[in-house]
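K.L.:
What follows is a structure written as C-alpha cells; I'll ask about it next.
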Amino acid sequence: MLLILDIGTSSMRGMLMDCYGHMLKSIQKKYTLRYTPDGGVLMEMEQLDKALQQCLEEMGSYCAARQRYPEGISVTAQRSSVIPMGKDGHALCDGIMWQDKRCVTLLEKLEPGTEMVYGICGMRPSPVFSAPKMQYIKTYMPEIYEKAVKLIGFQEYVLHYLTGEYITDTSIASRTCLYDLHREMWSEELLGLFGIDKGKLCGLAPAGSVIGKTAVGINHLLGIRHGIPVVSAGGDQQCAALGMLDEKEEGTIINMGTGAYVIAMTNEPVLDKEMRVNCNVGAAEGTWIVEGMVPNAGTTLDWLCNTFYRWTDKEKALGMLLQEAEEAPKGAHGMCFVNALTGTGTPEWNPLEKGSFTNILLQHTREDFARAGLEGIIRDVAGCVKVVEAMLPGQQEKGIKVSGGLSKSRFLVGMLEDALGRKVSLADESEATAIGAWKSGMRALNIEESF
C-alpha cells in the first residue's frame with residue numbers, strides 16, 4: 001500500500017491506499033492563512049510541520065495496529081507558493097501563498113516582455129506564479145533572500161521534510177515562470193529577467209520520480225525500521241487530471257476547490273496566441289496540460305457563507321446558502337455578481353480586478369444574493385471551459401468530468417450543465433488529486449507498468 005500526502009491551500013490530507021486504489025485510512029489536518037492589508041497571504045510553516053507530524057504519527061499507529069506498513073510515500077501539493085529556506089532546513093519566514101498579490105507592482109516593469117515570457121514557459125507573468133514572488137522577496141526582503149539557501153514551494157517543502165533533499169519535479173517547476181517548456185530545463189533568460197539566482201532553485205526530476213528515501217525521524221513517526229521511497233507525483237492539478245482520466249479516456253476535467261481549474265491533457269506543449277491559458281508539464285511522462293484558472297471558487301463560496309450566514313457554523317452556512325440559492329429564480333431577479341474578489345484568471349488575468357454585485361433593488365433578498373454569487377462562480381468556470389476547449393481541435397466533442405469540493409453539490413453541477421449546455425459527469429472519486437498521486441506512485445515504484 002502507499003501513503004499519499006496531498007498538501008492543499010487550507011489543509012493537508014494523508015491517505016493510505018492499497019494496490020487496488022481502495023482508501024484504507026484518511027486523515028485531514030487544517031491550517032489557517034493570514035491576510036494583510038497590502039494584499040499579502042501568508043502561512044506560518046510551523047502549522048504544516050505540526051500537521052505533517054500528527055498525520056505521520058496517526059498513520060504509524062494505524063499501521064502498527066494492523067502490522068501493515070506503506071511501501072512508499074507519494075506527494076502532491078498546491079503550486080506556486082514560495083518559502084525561503086535557511087541553512088538549518090527551516091523556513092526563514094512565513095510561506096508566501098499563491099494568492100499573495102504584493103508583487104503586482106513589480107510586474108508592471110515586465111509588461112513589454114510578456115510575450116517572450118509566455119513563449120518560453122507557457123504562462124504570462126502573474127502574481128499567482130512563483131517567480132514574481134521570488135522577485136518580491138529579493139526586492140523588499142533582501143536579508144531573507146540572501147540568507148535563503150533555496151526558494152521552494154509546498155511540494156519541495158514536504159519532500160525535504162521527508163527526505164532532507166531539495167528536489168522539485170518538472171510539473172511543479174513549470175509553474176514558476178522560470179522553466180523552459182521546450183528545452184525542459186531552468187531558463188537562463190527568465191532567471192535573468194526576474195533577477196533570480198539559479199542556485200536558489202531546486203534540482204529537477206521528472207514528475208513521478210523517486211527523489212529519495214524517508215529520513216530516520218520520519219521512519220520513527222511511521223513505526224518502520226528502514227527508509228521507504230518518496231515519490232514526487234506532480235502538482236495537485238496535474239495529478240487531478242491524471243486521476244480523472246485513464247489511457248482510453250479523453251476529455252476536459254474541472255477541479256473545483258479553493259480555485260477552479262479547467263484542464264485538457266496533450267502530448268505536446270500547446271500555446272495560446274492570446275495568452276489566456278497556461279501550458280504546463282503533466283504528471284504523466286510525455287504529457288502536458290492546457291489549463292485555465294478561476295482564482296475565486298471555494299474562496300468566494302466561503303466569503304458568501306461568512307458574509308451572509310455568519311451566525312452559524314461553516315457546514316450549516318453552506319447548506320443554507322445552497323438551499324436559498326436554489327429557491328431563488330435563475331438570474332436572481334436581474335442581480336449580477338462579478339466574481340473577482342482576488343482578481344481574475346482566464347481569460348483576462350487581471351489581479352487588480354474587483355468583485356461587485358450590480359443591479360441591486362429594494363426587492364432583492366438574501367436568496368437573490370446567494371443565487372447571484374453562485375451564478376458568478378459558475379459563469380466564470382463555464383467561460384474557462386470554452387476557452388480551454390477552443391485551444392484543442394475536437395475537444396468540445398469529448399466529455400467533461402468534474403471533481404473537488406464544490407462538485408459534491410448536485411445543484412452546483414446542475415448550474416454548470418445549464419451554463420455549458422452539456423452533460424457534466426462526476427469523477428468516480430472526489431479526491432481526484434489523491435488518485436492521480438496514487439497512480440504516479442504505483443508506477444514510480446514499479447508496482448504497475450502503466451497508468
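Going through the C-alpha cells in order, the chains are called A, B, and so on, while each chain numbers its residues from 1 and the ligands are numbered from 1 in the order shown.
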Which residues are near A:Met85? Cut-off 7 Å, only C-alpha atoms, ignore same chain within fewer than 5 positions. Put them as a PyMOL selection string.
P.N.:
chain A and resi 90-92+148-151
K.L.:
Apply DSSP to the backbone of this structure and, from stretch 216-248 of chain A, keep only the residues in strand (DSSP E); write these as a list in words.
P.N.:
Pro229, Val230, Val231, Ser232, Ala233, Gly234 and Gly235 of chain A
K.L.:
Could you please take those selected residues and save N, CA and C atoms as a PDB file, in the first residue's frame?
P.N.:
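Listed below is the output, again.pdb:
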```pdb
ATOM      1  N   PRO A 229      10.765   4.603  -0.214  1.00  0.00           N
ATOM      2  CA  PRO A 229      10.877   5.579  -1.304  1.00  0.00           C
ATOM      3  C   PRO A 229       9.829   6.688  -1.191  1.00  0.00           C
ATOM      4  N   VAL A 230      10.248   7.894  -1.565  1.00  0.00           N
ATOM      5  CA  VAL A 230       9.357   9.046  -1.608  1.00  0.00           C
ATOM      6  C   VAL A 230       9.267   9.517  -3.054  1.00  0.00           C
ATOM      7  N   VAL A 231       8.041   9.613  -3.567  1.00  0.00           N
ATOM      8  CA  VAL A 231       7.789   9.970  -4.966  1.00  0.00           C
ATOM      9  C   VAL A 231       7.243  11.387  -5.050  1.00  0.00           C
ATOM     10  N   SER A 232       7.799  12.173  -5.952  1.00  0.00           N
ATOM     11  CA  SER A 232       7.212  13.473  -6.275  1.00  0.00           C
ATOM     12  C   SER A 232       6.223  13.242  -7.409  1.00  0.00           C
ATOM     13  N   ALA A 233       4.944  13.177  -7.056  1.00  0.00           N
ATOM     14  CA  ALA A 233       3.912  12.724  -8.001  1.00  0.00           C
ATOM     15  C   ALA A 233       3.536  13.772  -9.033  1.00  0.00           C
ATOM     16  N   GLY A 234       3.799  15.045  -8.724  1.00  0.00           N
ATOM     17  CA  GLY A 234       3.391  16.123  -9.627  1.00  0.00           C
ATOM     18  C   GLY A 234       2.510  17.122  -8.898  1.00  0.00           C
ATOM     19  N   GLY A 235       2.267  18.259  -9.521  1.00  0.00           N
ATOM     20  CA  GLY A 235       1.413  19.275  -8.935  1.00  0.00           C
ATOM     21  C   GLY A 235      -0.009  18.790  -8.743  1.00  0.00           C
TER      22      GLY A 235
END
```
K.L.:
Near A:Lys138, within 9 Å and counting only C-alpha atoms, which residues show up once chain neighbours fewer than 6 positions away are dropped, as a ChimeraX atom specification?
P.N.:
/A:144-146,195-196
K.L.:
Taking only C-alpha atoms into account, which of A:Lys101, A:Arg79, A:His226, A:Arg66 comes nearest A:Thr36?
P.N.:
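So, comparing all the options, the nearest one is A:Lys101.
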K.L.:
Tell me which protein, DNA and RNA residues are within 6 Å of A:Ile400, counting only C-alpha atoms, leaving out same-chain ones fewer than 4 positions away, and put them as JSON, numbers by chain.
P.N.:
{"A": [251, 252, 253, 424]}
K.L.:
Near A:Met23, counting only C-alpha atoms, which residues have an atom at most 12 Å away, once you skip same-chain residues fewer than 3 positions from it, shown as a ChimeraX atom specification?
P.N.:
/A:1-4,14-20,26-27,429,431,434-435,438
K.L.:
Which residue out of A:Phe451, A:Phe308, A:Tyr161, A:Tyr69 has the minimum interatomic distance to A:Gly217 when only C-alpha atoms are used?
P.N.:
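Among the listed residues, the smallest separation from A:Gly217 belongs to A:Tyr161.
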K.L.:
Near A:Glu156, counting only C-alpha atoms, which residues have an atom at most 7 Å away, once you skip same-chain residues fewer than 4 positions from it, shown as a PyMOL selection string?
P.N.:
chain A and resi 152+160+166-168
K.L.:
Excluding A:Ile224 and its own-chain neighbours fewer than 2 positions away, which residues fall within 12 Å of it when counting only C-alpha atoms? Please give them as a list in words.
P.N.:
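Residues near the query, excluding close chain neighbours: Leu56, Glu57, Met59, Gly60, Ser61, Cys63, Ala64, Gln67, Arg68, Tyr69, Pro70, Glu71, Gly72, Thr214, Ala215, Val216, Gly217, Ile218, Asn219, His220, Leu221, Leu222, His226, Gly227 and Ile228 of chain A.
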K.L.:
Those residues you just picked out, can you put them in a file as a PDB file, in the first residue's frame with C-alpha atoms?
P.N.:
```pdb
ATOM      1  CA  LEU A  56       2.505  10.546  10.150  1.00  0.00           C
ATOM      2  CA  GLU A  57       2.127   9.600  13.834  1.00  0.00           C
ATOM      3  CA  MET A  59      -0.772   6.726  10.226  1.00  0.00           C
ATOM      4  CA  GLY A  60       2.024   4.950  12.078  1.00  0.00           C
ATOM      5  CA  SER A  61      -0.363   3.959  14.876  1.00  0.00           C
ATOM      6  CA  CYS A  63      -0.337   0.626  10.545  1.00  0.00           C
ATOM      7  CA  ALA A  64       1.167  -0.753  13.766  1.00  0.00           C
ATOM      8  CA  GLN A  67       1.103  -4.806  11.159  1.00  0.00           C
ATOM      9  CA  ARG A  68       0.902  -3.453   7.609  1.00  0.00           C
ATOM     10  CA  TYR A  69       3.143  -0.609   6.534  1.00  0.00           C
ATOM     11  CA  PRO A  70       3.351   1.531   3.382  1.00  0.00           C
ATOM     12  CA  GLU A  71       5.780   0.603   0.633  1.00  0.00           C
ATOM     13  CA  GLY A  72       6.306   4.238  -0.270  1.00  0.00           C
ATOM     14  CA  THR A 214      12.465   8.719   4.251  1.00  0.00           C
ATOM     15  CA  ALA A 215      14.840  10.072   6.896  1.00  0.00           C
ATOM     16  CA  VAL A 216      15.328   8.396  10.282  1.00  0.00           C
ATOM     17  CA  GLY A 217      12.942  10.757  12.080  1.00  0.00           C
ATOM     18  CA  ILE A 218      10.162  10.021   9.582  1.00  0.00           C
ATOM     19  CA  ASN A 219      10.745   6.277   9.948  1.00  0.00           C
ATOM     20  CA  HIS A 220      10.265   6.677  13.690  1.00  0.00           C
ATOM     21  CA  LEU A 221       6.967   8.519  13.234  1.00  0.00           C
ATOM     22  CA  LEU A 222       5.683   5.804  10.896  1.00  0.00           C
ATOM     23  CA  HIS A 226      14.121   1.342   7.214  1.00  0.00           C
ATOM     24  CA  GLY A 227      13.556   4.207   4.834  1.00  0.00           C
ATOM     25  CA  ILE A 228      10.903   3.859   2.138  1.00  0.00           C
TER      26      ILE A 228
END
```
K.L.:
Let me make sure I understand: among A:Ala240, A:Leu361, A:Leu374, A:Met320, which one has the smallest atom-to-atom distance to A:Thr299 if we use only C-alpha atoms?
P.N.:
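Checking each candidate against A:Thr299, we get A:Leu374 as the closest.
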K.L.:
Select, from A:Lys330, A:Lys109, A:Lys398, A:Lys25, the residue with the minimum atom-to-atom distance to A:Leu193, counting only C-alpha atoms.
P.N.:
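Closest residue, counting only C-alpha atoms: A:Lys109.
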